[in-house]
Every structure is written in structure tokens, then in C-alpha cells.
Amino acid sequence: MRPRRAYARGRTFVNRANAALAITFVLALAATTFAALCARAAAPTRITAFGDSLTAGLGLASSESFPVRLAARLEADGYTVKIENAGVSGDTSSGGLARLNWVLGDRPQVVLVELGANDMLRGLDPKLTRANLDQTLARLLAAHVKVLLVGMLAPPNFGADYQRDFNGIYPELAKKYRVLLYPFFLDGVALDPKLNQPDGLHPNAAGVAVIVARITPYVERLLGDPAE
């Protein structure tokens with residue numbers, strides 16, 4: 001009988017050891033999963049502000065630029081974001097298209113496309129601007145990037161035909177690609193001396209604050225609920 005009892009005790013020990021190992025494995029797996037979920041929750045959404053001098057912050061301190069102020073506003077609203085300033089002063093839609101691979105190299109999740117103002121100021125054919133922005137949007141969406149298309153408007157002194165053709169670019173492309181459109185980057189700022197630098201073209205710090213306040217709801221529509 002003693003050997004049987006010894007065997008039973010040994011079997012009980014093995015069972016307990018296996019149970020302990022199983023519990024340890026489950027706890028380790030749970031801890032790893034929890035850590036991964038926490039890391040995912042803490043990871044910032046990568047946003048790229050892709051544009052010209054209006055995005056770059058020409059004439060402003062870096063802390064006053066549109067991307068920096070937008071990031072601060074989004075974080076105040078509960079979002080964790082990292083915004084890359086991909087604005088190049090003087091850039092046209094052609095220049096933007098030419099450096100799109102560089103922009104995509106940062107693997108953005110959201111891109112704000114603010115291009116075309118310099119095309120208009122130079123009087124470039126709206127057909128060229130349309131074609132460049134068309135290709136830009138197609139490539140961004142092919143890369144599974146969420147897009148906010150930021151529009152620009154031509155003033156009346158460019159002529160009714162030019163104004164019609166240029167102003168139609170943004171809503172038509174937004175409809176074609178089913179992307180969110182912010183109709184006019186300088187909405188509430190254009191032509192107001194209090195909100196612009198002396199050149200009358202670029203917003204000052206107060207102007208940037210107005211732009212950020214108006215465009216933030218559009219960006220947040222792409223980001224979703226910060227609690228998710």
C-alpha cells in the first residue's frame with residue numbers, strides 16, 4: 001500500500017505543478033495583452049499637415065504655426081496626436097505631388113492637404129492644379145490614409161471664369177474621392193487686417209487661432225471619439 005500512496009502523492013504534486021504553470025502562463029499572457037493594449041492606447045495618431053507657407057507658418061514663430069497650434073487644441077480635447085509640419089513655403093500642387101513619397105514615408109494615418117494657393121497666385125491653369133490634386137488624393141487613399149482636403153478660393157479680380165474653374169476644384173475632388181472637405185483654409189481670416197501679417201496673405205498668430213478653432217471639428221471627425 002505504501003508504494004500506491006507514494007504514487008498518489010507524486011501524482012498530486014505533478015497536478016499541482018501543472019496547475020501552477022498554467023496559472024503562471026495565463027497571468028503572463030494577460031499581463032502581455034494588457035501592456036500591448038496600453039501601448040496601443042498611448043500611441044499617438046500620426047497626422048501630417050501637407051501644404052505650403054500657410055501650413056509651414058511663414059512669418060510666425062514655430063510655436064505659433066498652424067500644425068503646432070492644432071496639435072495643442074486636439075490634445076486639449078483629449079486626443080493623443082503627433083503632427084508633422086510638411087508645409088513648404090512657395091510650394092504649388094506640382095511641388096506637393098513631387099514630394100508625396102517623402103510625406104508617405106512618415107507613414108501618416110491622417111493627412112491634411114492644403115495645396116493650390118500658390119497655383120492660384122501665379123495664375124496657373126486650374127486644370128493643372130486639379131490634375132495634381134487628383135493624383136495626390138488617389139495616392140493617399142491607396143496608402144489607406146484618411147484625408148481632409150483643405151480648399152482655397154480665388155478672389156474676384158482673377159476673373160469670373162478663372163474663379164469658377166479654380167473654386168470648383170476642391171468640392172468636385174472631395175465628391176469624387178469621398179473625402180472630407182474644409183472649404184476654405186482662410187475662412188474668417190482673409191481680408192481682415194487684424195488677423196493677417198502686413199503682406200495681407202499670411203495669417204498672424206491671432207489669425208492662426210481662428211483657423212484652428214474652425215478647422216478642428218473637421219479634423220476630429222476623422223479622428224473619432226478620443227475615448228475609443
# chains A, B, ... in the order shown; residues from 1 in each chain; ligands from 1
$ residues_around --residues "stretch 167-178 of chain A" --least-positions-apart "6" --cutoff "7 Å" --atoms "only C-alpha atoms" --output "list in words"
Arg130, Asp134, Leu149, Gly151, Leu153 and Ala154 of chain A
$ write_last_selection --atoms "N, CA and C atoms" --output "PDB file, in the first residue's frame"
ATOM      1  N   ARG A 130      -5.965  70.865 -60.696  1.00  0.00           N
ATOM      2  CA  ARG A 130      -6.916  69.767 -60.493  1.00  0.00           C
ATOM      3  C   ARG A 130      -6.237  68.419 -60.701  1.00  0.00           C
ATOM      4  N   ASP A 134      -5.732  65.662 -57.884  1.00  0.00           N
ATOM      5  CA  ASP A 134      -6.392  64.387 -58.164  1.00  0.00           C
ATOM      6  C   ASP A 134      -5.425  63.232 -57.910  1.00  0.00           C
ATOM      7  N   LEU A 149      -9.307  67.354 -47.144  1.00  0.00           N
ATOM      8  CA  LEU A 149      -8.933  68.247 -48.236  1.00  0.00           C
ATOM      9  C   LEU A 149      -9.271  69.668 -47.826  1.00  0.00           C
ATOM     10  N   GLY A 151      -9.572  73.469 -48.799  1.00  0.00           N
ATOM     11  CA  GLY A 151      -9.762  74.247 -50.010  1.00  0.00           C
ATOM     12  C   GLY A 151      -9.188  75.651 -49.961  1.00  0.00           C
ATOM     13  N   LEU A 153      -9.787  79.565 -52.226  1.00  0.00           N
ATOM     14  CA  LEU A 153     -10.695  80.289 -53.118  1.00  0.00           C
ATOM     15  C   LEU A 153      -9.935  81.375 -53.865  1.00  0.00           C
ATOM     16  N   ALA A 154     -10.276  81.553 -55.130  1.00  0.00           N
ATOM     17  CA  ALA A 154      -9.680  82.621 -55.935  1.00  0.00           C
ATOM     18  C   ALA A 154     -10.508  83.895 -55.764  1.00  0.00           C
TER      19      ALA A 154
END
$ residues_around --residues "A:Glu220" --least-positions-apart "4" --cutoff "10 Å" --atoms "only C-alpha atoms" --output "VMD selection string"
chain A and resid 74 77 79 215 to 216 224 to 226
$ atom_distance --atom1 "atom CA of A:Lys194" --atom2 "atom CA of A:Ala61"
17.6 Å
$ select_by_dssp --residues "stretch 2-207 of chain A" --states "alpha helix (DSSP H)" --output "ChimeraX atom specification"
/A:2-42,53-56,66-76,93-98,100-104,117-121,126-142,160-167,169-177,205-207
$ residues_around --residues "A:Val210" --least-positions-apart "6" --cutoff "9 Å" --atoms "only C-alpha atoms" --output "list of chain:residue names"
A:Leu186, A:Asp187, A:Gly188, A:Val189, A:Leu195
$ select_by_dssp --residues "chain A" --states "strand (DSSP E)" --output "number ranges by chain"
A: 45-51, 81-87, 110-114, 146-150, 180-182
$ closest_residue --among "A:Phe184, A:Asn118, A:Ala76, A:Ser93" --to "A:Ser53" --atoms "only C-alpha atoms"
A:Asn118
$ closest_residue --among "A:Val208, A:Leu223, A:Val113, A:Ala131" --to "A:Pro44" --atoms "only C-alpha atoms"
A:Leu223
